[in-house]
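Engineer: Let me begin by handing over the structure; questions about it come next.
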Amino acid sequence: VAPLRLLLSMTSAVKRCLNRVGPYGNSTATGQEHGQEGEGEISGGVDSEDTDGELATEEVEEGRAGGGGGGGGGRGINESSDPWDREGVLLAIGDGANDVAMIQAADVGVGVLGKEGRQAVNNSDVAVPLFRHLVPLLLVHGQLCTERLSRLITYSFYKNLTYWGVLLAFQFYCGFSGQALIDDISGSFYNVVLTALPILVVALQESHAPEPSISLLQHPELYNAHSPLSACRFWMEGVVLPLFHSAACFFIPMYSATPFGTQPAHTLWVVGKASYMAVVVVVTVELLLTTRAWTKLLGTVCLLSVAVAFPFLLLVWRLELAANYLDEATVGAADLLFKSPYFWMSMVAVVSLTAGSRYLERAIRWIYFPDPFMTLAREFHRTTTTTTTTNNGP
């Protein structure tokens, strides 16, 4: 919780900072290099002899307090209103022991490695070696962390509500008796094994801008141009969308189940495993469709997540028998399911409906209602293609 709150606080501060900051390298700093001396006063200023550009606003403030030792460095902050009532988030920057109180009192503290020792760094939330690294910290790392956290939060709600929606829909067919459609072992593996690694990879390497270390520095105005986790996006992608997908994962296998061979393929556990496999495939495809930074690692992990689910269902009841645990309802259910043509046809129908509608929706957004990062991605792709064609010649 602490790292999540820190990153969200930092990115909120950056948003307010960039309201008054011009293009990178053209902004001007106010105040002196170390701020003005004064008890309980905080003045703005970020400066260094080793900077590629300067960034300073009223919200990014560095304060030095008089009185020797800096004990009152955070007095002006502590005497302010409650942090939840304050407008914006306070970011404090310091490089010495007399800045410790200010850094600790601020919402987000940044320590700079300097000649005055490491006290500021040891008590800060984020440490940078030089003042000039503050710009990449805010414009690149801050934006990427915000986007990755928003993806992690939204997708976590999405995949859990999709699974929960299937169980809820079945209650209308069992008189709300609490009868489970999916066995407990399969339900446990859903979150712990089958759907855990793909979102972990996305949360570590997702990037909503091409070549972020270059493009985000060249376009600092993009920070205020798009909200990564708005209320509308959360409710649509984290609540409404999974309810629609869970309905497809339940009703299509439910009403397409037919007798197969000598045993019926429309029994409780067979239909439950069909819905279970549909959920695993649908949430994995959804992640691939909405991820902008496709990598070999992500593709491999998503492929393994879906592929492992098939042998898992075939082995789980055999392992139960080997452990002298007999569950007659699940014995042979997966074997019967994977032999049934209805299962494979229902899987095609579920994926076509969910992924197809999602692809159409995103295509319309990219073509007719692109956000600034979509526009940047198209321009970057067009520039890269033109450069490659020019270098290769006719």
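Ordering of the structure tokens sets the chain letters (A, B, ...), residue numbers begin anew at 1 in every chain, and ligands are numbered from 1 in the order given.
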At a cut-off of 12 Å, can you tabulate as a Markdown table every residue of range 262-341 of chain A near range 167-189 of chain A together with its closest atom pair and the distance in Å to one decimal, using only C-alpha atoms and ordering rows by chain then number?
Structural biologist:
| residue | atom | partner | partner_atom | distance |
| --- | --- | --- | --- | --- |
| A:Thr267 | CA | A:Leu181 | CA | 10.3 |
| A:Leu268 | CA | A:Leu181 | CA | 6.7 |
| A:Trp269 | CA | A:Leu181 | CA | 6.6 |
| A:Val270 | CA | A:Leu181 | CA | 9.2 |
| A:Val271 | CA | A:Leu181 | CA | 7.9 |
| A:Gly272 | CA | A:Leu181 | CA | 5.0 |
| A:Lys273 | CA | A:Ile182 | CA | 6.6 |
| A:Ala274 | CA | A:Ile182 | CA | 9.5 |
| A:Ser275 | CA | A:Ile182 | CA | 8.4 |
| A:Tyr276 | CA | A:Ile182 | CA | 7.1 |
| A:Met277 | CA | A:Ser186 | CA | 10.1 |
| A:Val279 | CA | A:Gly187 | CA | 11.2 |
| A:Val280 | CA | A:Phe189 | CA | 10.7 |
| A:Ser305 | CA | A:Phe189 | CA | 10.9 |
| A:Val308 | CA | A:Phe189 | CA | 10.8 |
| A:Ala309 | CA | A:Phe189 | CA | 9.2 |
| A:Phe310 | CA | A:Ser186 | CA | 11.4 |
| A:Phe312 | CA | A:Ser186 | CA | 8.6 |
| A:Leu313 | CA | A:Ser186 | CA | 7.8 |
| A:Leu314 | CA | A:Ser186 | CA | 11.3 |
| A:Leu315 | CA | A:Ser186 | CA | 11.3 |
| A:Val316 | CA | A:Ile185 | CA | 8.2 |
| A:Trp317 | CA | A:Ile185 | CA | 9.9 |
| A:Leu319 | CA | A:Ile185 | CA | 11.6 |
| A:Glu320 | CA | A:Ile185 | CA | 10.4 |
| A:Asp327 | CA | A:Asp183 | CA | 10.2 |
| A:Ala329 | CA | A:Asp183 | CA | 9.7 |
| A:Thr330 | CA | A:Asp183 | CA | 8.3 |
| A:Val331 | CA | A:Asp183 | CA | 11.8 |
| A:Ala333 | CA | A:Asp183 | CA | 11.5 |
| A:Ala334 | CA | A:Ser186 | CA | 11.7 |
Engineer: Could you pull out all residues of range 215-391 of chain A with a DSSP call of strand (DSSP E) and give them as a list in words?
Structural biologist: Pro259, Phe260, Gln263 and Pro264 of chain A
Engineer: To one decimal place, how far is CA of Tyr163 in chain A from CA of Tyr255 in chain A in Å?
Structural biologist: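 A separation of 18.4 Å between them.
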Engineer: Extract the full set of helix (DSSP H, G or I) residues from range 171-244 of chain A according to DSSP on the backbone, and format it as a ChimeraX atom specification.
Structural biologist: /A:171,184-194,196-205,212-218,220-224,231-244
Engineer: Residues of range 179-249 of chain A that approach range 287-296 of chain A to 10 Å or less, counting only C-alpha atoms: could you list each one with the shortest pair of atoms and its distance in Å to one decimal, rows by chain and increasing residue number, as a Markdown table?
Structural biologist:
| residue | atom | partner | partner_atom | distance |
| --- | --- | --- | --- | --- |
| A:Pro198 | CA | A:Leu287 | CA | 7.8 |
| A:Ile199 | CA | A:Leu287 | CA | 7.6 |
| A:Val201 | CA | A:Thr295 | CA | 9.6 |
| A:Val202 | CA | A:Thr291 | CA | 7.5 |
| A:Gln205 | CA | A:Ala293 | CA | 7.4 |
| A:Glu206 | CA | A:Ala293 | CA | 5.5 |
| A:Ser207 | CA | A:Ala293 | CA | 5.7 |
| A:His208 | CA | A:Arg292 | CA | 6.1 |
| A:Ala209 | CA | A:Arg292 | CA | 8.1 |
| A:Pro210 | CA | A:Ala293 | CA | 8.2 |
Engineer: Next, the residues of the selection above should be written as a compact mmCIF listing (two decimals), in the first residue's frame with C-alpha atoms.
Structural biologist:
# COMPACT_ATOMS: atom_id res chain seq x y z
CA PRO A 198 0.57 -11.90 -17.48
CA ILE A 199 -0.59 -8.87 -15.49
CA VAL A 201 4.64 -8.62 -16.75
CA VAL A 202 2.38 -5.80 -17.95
CA GLN A 205 6.96 -3.15 -18.66
CA GLU A 206 3.80 -1.48 -19.98
CA SER A 207 4.39 1.80 -21.81
CA HIS A 208 1.63 3.98 -23.26
CA ALA A 209 4.14 5.94 -25.35
CA PRO A 210 6.64 4.69 -27.95
Engineer: Nearest to Ser215 in chain A: which of A:Val140, A:Ala355, A:Ala257, A:Leu337 is it, counting only C-alpha atoms?
Structural biologist: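 Looking only at the distances to Ser215 in chain A, the closest residue turns out to be A:Val140.
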Engineer: Excluding range 116-125 of chain A and residues on its chain fewer than 2 positions from it, collect all residues at most 6 Å away from it, counting only C-alpha atoms, and give them as a CSV table (one decimal) with N, CA and C atoms, in the first residue's frame.
Structural biologist:
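In the end it all went to around.csv:
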chain,number,residue,atom,x,y,z
A,95,ASP,N,19.1,18.3,-0.3
A,95,ASP,CA,20.3,17.6,-0.5
A,95,ASP,C,21.2,17.6,0.8
A,96,GLY,N,20.7,18.1,1.9
A,96,GLY,CA,21.5,18.1,3.1
A,96,GLY,C,20.7,17.7,4.3
A,97,ALA,N,21.4,17.6,5.4
A,97,ALA,CA,20.8,17.2,6.7
A,97,ALA,C,19.7,18.2,7.2
A,100,VAL,N,16.0,17.5,6.1
A,100,VAL,CA,15.4,16.2,6.5
A,100,VAL,C,14.0,16.5,7.0
A,109,GLY,N,9.0,13.2,-0.8
A,109,GLY,CA,10.3,13.8,-0.6
A,109,GLY,C,11.3,13.2,-1.5
A,110,VAL,N,12.1,14.1,-2.2
A,110,VAL,CA,13.1,13.7,-3.1
A,110,VAL,C,14.5,14.1,-2.5
A,111,GLY,N,15.4,13.2,-2.4
A,111,GLY,CA,16.7,13.5,-1.9
A,111,GLY,C,17.7,13.5,-3.0
A,114,GLY,N,24.5,14.8,-2.5
A,114,GLY,CA,25.3,16.0,-2.6
A,114,GLY,C,26.5,15.9,-1.7
A,127,ALA,N,15.4,8.9,-4.4
A,127,ALA,CA,16.7,9.5,-4.4
A,127,ALA,C,17.2,9.7,-5.8
Engineer: Neighbouring residues of Phe234 in chain A were defined as those with any atom within 12 Å, considering only C-alpha atoms; residues of the same chain fewer than 5 positions away were excluded. Please report them as number ranges by chain.
Structural biologist: A: 150-158, 227-229, 239-242
Engineer: Would you save the residues of that selection, restricted to N, CA, C and O atoms, as an mmCIF file, in the first residue's frame?
Structural biologist:
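The resulting again-v4.cif:
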data_model
loop_
_atom_site.group_PDB
_atom_site.id
_atom_site.type_symbol
_atom_site.label_atom_id
_atom_site.label_comp_id
_atom_site.auth_asym_id
_atom_site.auth_seq_id
_atom_site.Cartn_x
_atom_site.Cartn_y
_atom_site.Cartn_z
ATOM 1 N N SER A 150 -2.307 1.951 -12.949
ATOM 2 C CA SER A 150 -3.705 2.004 -13.372
ATOM 3 C C SER A 150 -4.098 0.737 -14.121
ATOM 4 O O SER A 150 -5.210 0.216 -13.950
ATOM 5 N N ARG A 151 -3.197 0.208 -14.945
ATOM 6 C CA ARG A 151 -3.469 -1.043 -15.643
ATOM 7 C C ARG A 151 -3.596 -2.194 -14.651
ATOM 8 O O ARG A 151 -4.474 -3.050 -14.778
ATOM 9 N N LEU A 152 -2.706 -2.218 -13.666
ATOM 10 C CA LEU A 152 -2.742 -3.287 -12.661
ATOM 11 C C LEU A 152 -4.041 -3.252 -11.865
ATOM 12 O O LEU A 152 -4.691 -4.290 -11.664
ATOM 13 N N ILE A 153 -4.455 -2.062 -11.433
ATOM 14 C CA ILE A 153 -5.673 -1.943 -10.632
ATOM 15 C C ILE A 153 -6.907 -2.303 -11.457
ATOM 16 O O ILE A 153 -7.757 -3.100 -11.034
ATOM 17 N N THR A 154 -7.016 -1.733 -12.646
ATOM 18 C CA THR A 154 -8.198 -1.975 -13.474
ATOM 19 C C THR A 154 -8.309 -3.439 -13.875
ATOM 20 O O THR A 154 -9.389 -4.046 -13.790
ATOM 21 N N TYR A 155 -7.188 -4.034 -14.307
ATOM 22 C CA TYR A 155 -7.234 -5.424 -14.765
ATOM 23 C C TYR A 155 -7.480 -6.390 -13.610
ATOM 24 O O TYR A 155 -8.127 -7.430 -13.793
ATOM 25 N N SER A 156 -6.981 -6.075 -12.422
ATOM 26 C CA SER A 156 -7.226 -6.936 -11.267
ATOM 27 C C SER A 156 -8.715 -6.995 -10.945
ATOM 28 O O SER A 156 -9.266 -8.073 -10.669
ATOM 29 N N PHE A 157 -9.381 -5.841 -10.991
ATOM 30 C CA PHE A 157 -10.827 -5.836 -10.806
ATOM 31 C C PHE A 157 -11.512 -6.588 -11.944
ATOM 32 O O PHE A 157 -12.468 -7.344 -11.718
ATOM 33 N N TYR A 158 -11.035 -6.376 -13.151
ATOM 34 C CA TYR A 158 -11.666 -6.987 -14.323
ATOM 35 C C TYR A 158 -11.647 -8.512 -14.249
ATOM 36 O O TYR A 158 -12.686 -9.170 -14.379
ATOM 37 N N SER A 227 -5.909 11.198 -18.568
ATOM 38 C CA SER A 227 -5.976 10.644 -17.225
ATOM 39 C C SER A 227 -5.876 9.123 -17.295
ATOM 40 O O SER A 227 -6.730 8.476 -17.904
ATOM 41 N N PRO A 228 -4.838 8.524 -16.700
ATOM 42 C CA PRO A 228 -4.655 7.075 -16.825
ATOM 43 C C PRO A 228 -5.711 6.262 -16.097
ATOM 44 O O PRO A 228 -6.028 5.160 -16.501
ATOM 45 N N LEU A 229 -6.255 6.786 -15.002
ATOM 46 C CA LEU A 229 -7.251 6.034 -14.232
ATOM 47 C C LEU A 229 -8.378 6.972 -13.814
ATOM 48 O O LEU A 229 -8.459 7.410 -12.670
ATOM 49 N N VAL A 239 -15.623 -2.792 -14.158
ATOM 50 C CA VAL A 239 -16.875 -3.284 -13.590
ATOM 51 C C VAL A 239 -17.862 -3.709 -14.693
ATOM 52 O O VAL A 239 -18.335 -4.849 -14.694
ATOM 53 N N VAL A 240 -18.187 -2.813 -15.607
ATOM 54 C CA VAL A 240 -19.200 -3.120 -16.628
ATOM 55 C C VAL A 240 -18.690 -4.160 -17.619
ATOM 56 O O VAL A 240 -19.390 -5.145 -17.925
ATOM 57 N N LEU A 241 -17.485 -3.977 -18.130
ATOM 58 C CA LEU A 241 -16.937 -4.907 -19.123
ATOM 59 C C LEU A 241 -16.827 -6.338 -18.593
ATOM 60 O O LEU A 241 -17.216 -7.286 -19.297
ATOM 61 N N PRO A 242 -16.305 -6.573 -17.388
ATOM 62 C CA PRO A 242 -16.237 -7.959 -16.901
ATOM 63 C C PRO A 242 -17.602 -8.612 -16.713
ATOM 64 O O PRO A 242 -17.720 -9.834 -16.865
#
Engineer: Counting only C-alpha atoms, figure out which residue out of A:Leu336, A:Val282, A:Ala322, A:Ile364 gets nearest to Val348 in chain A.
Structural biologist: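 For Val348 in chain A, the nearest of the given residues is A:Val282.
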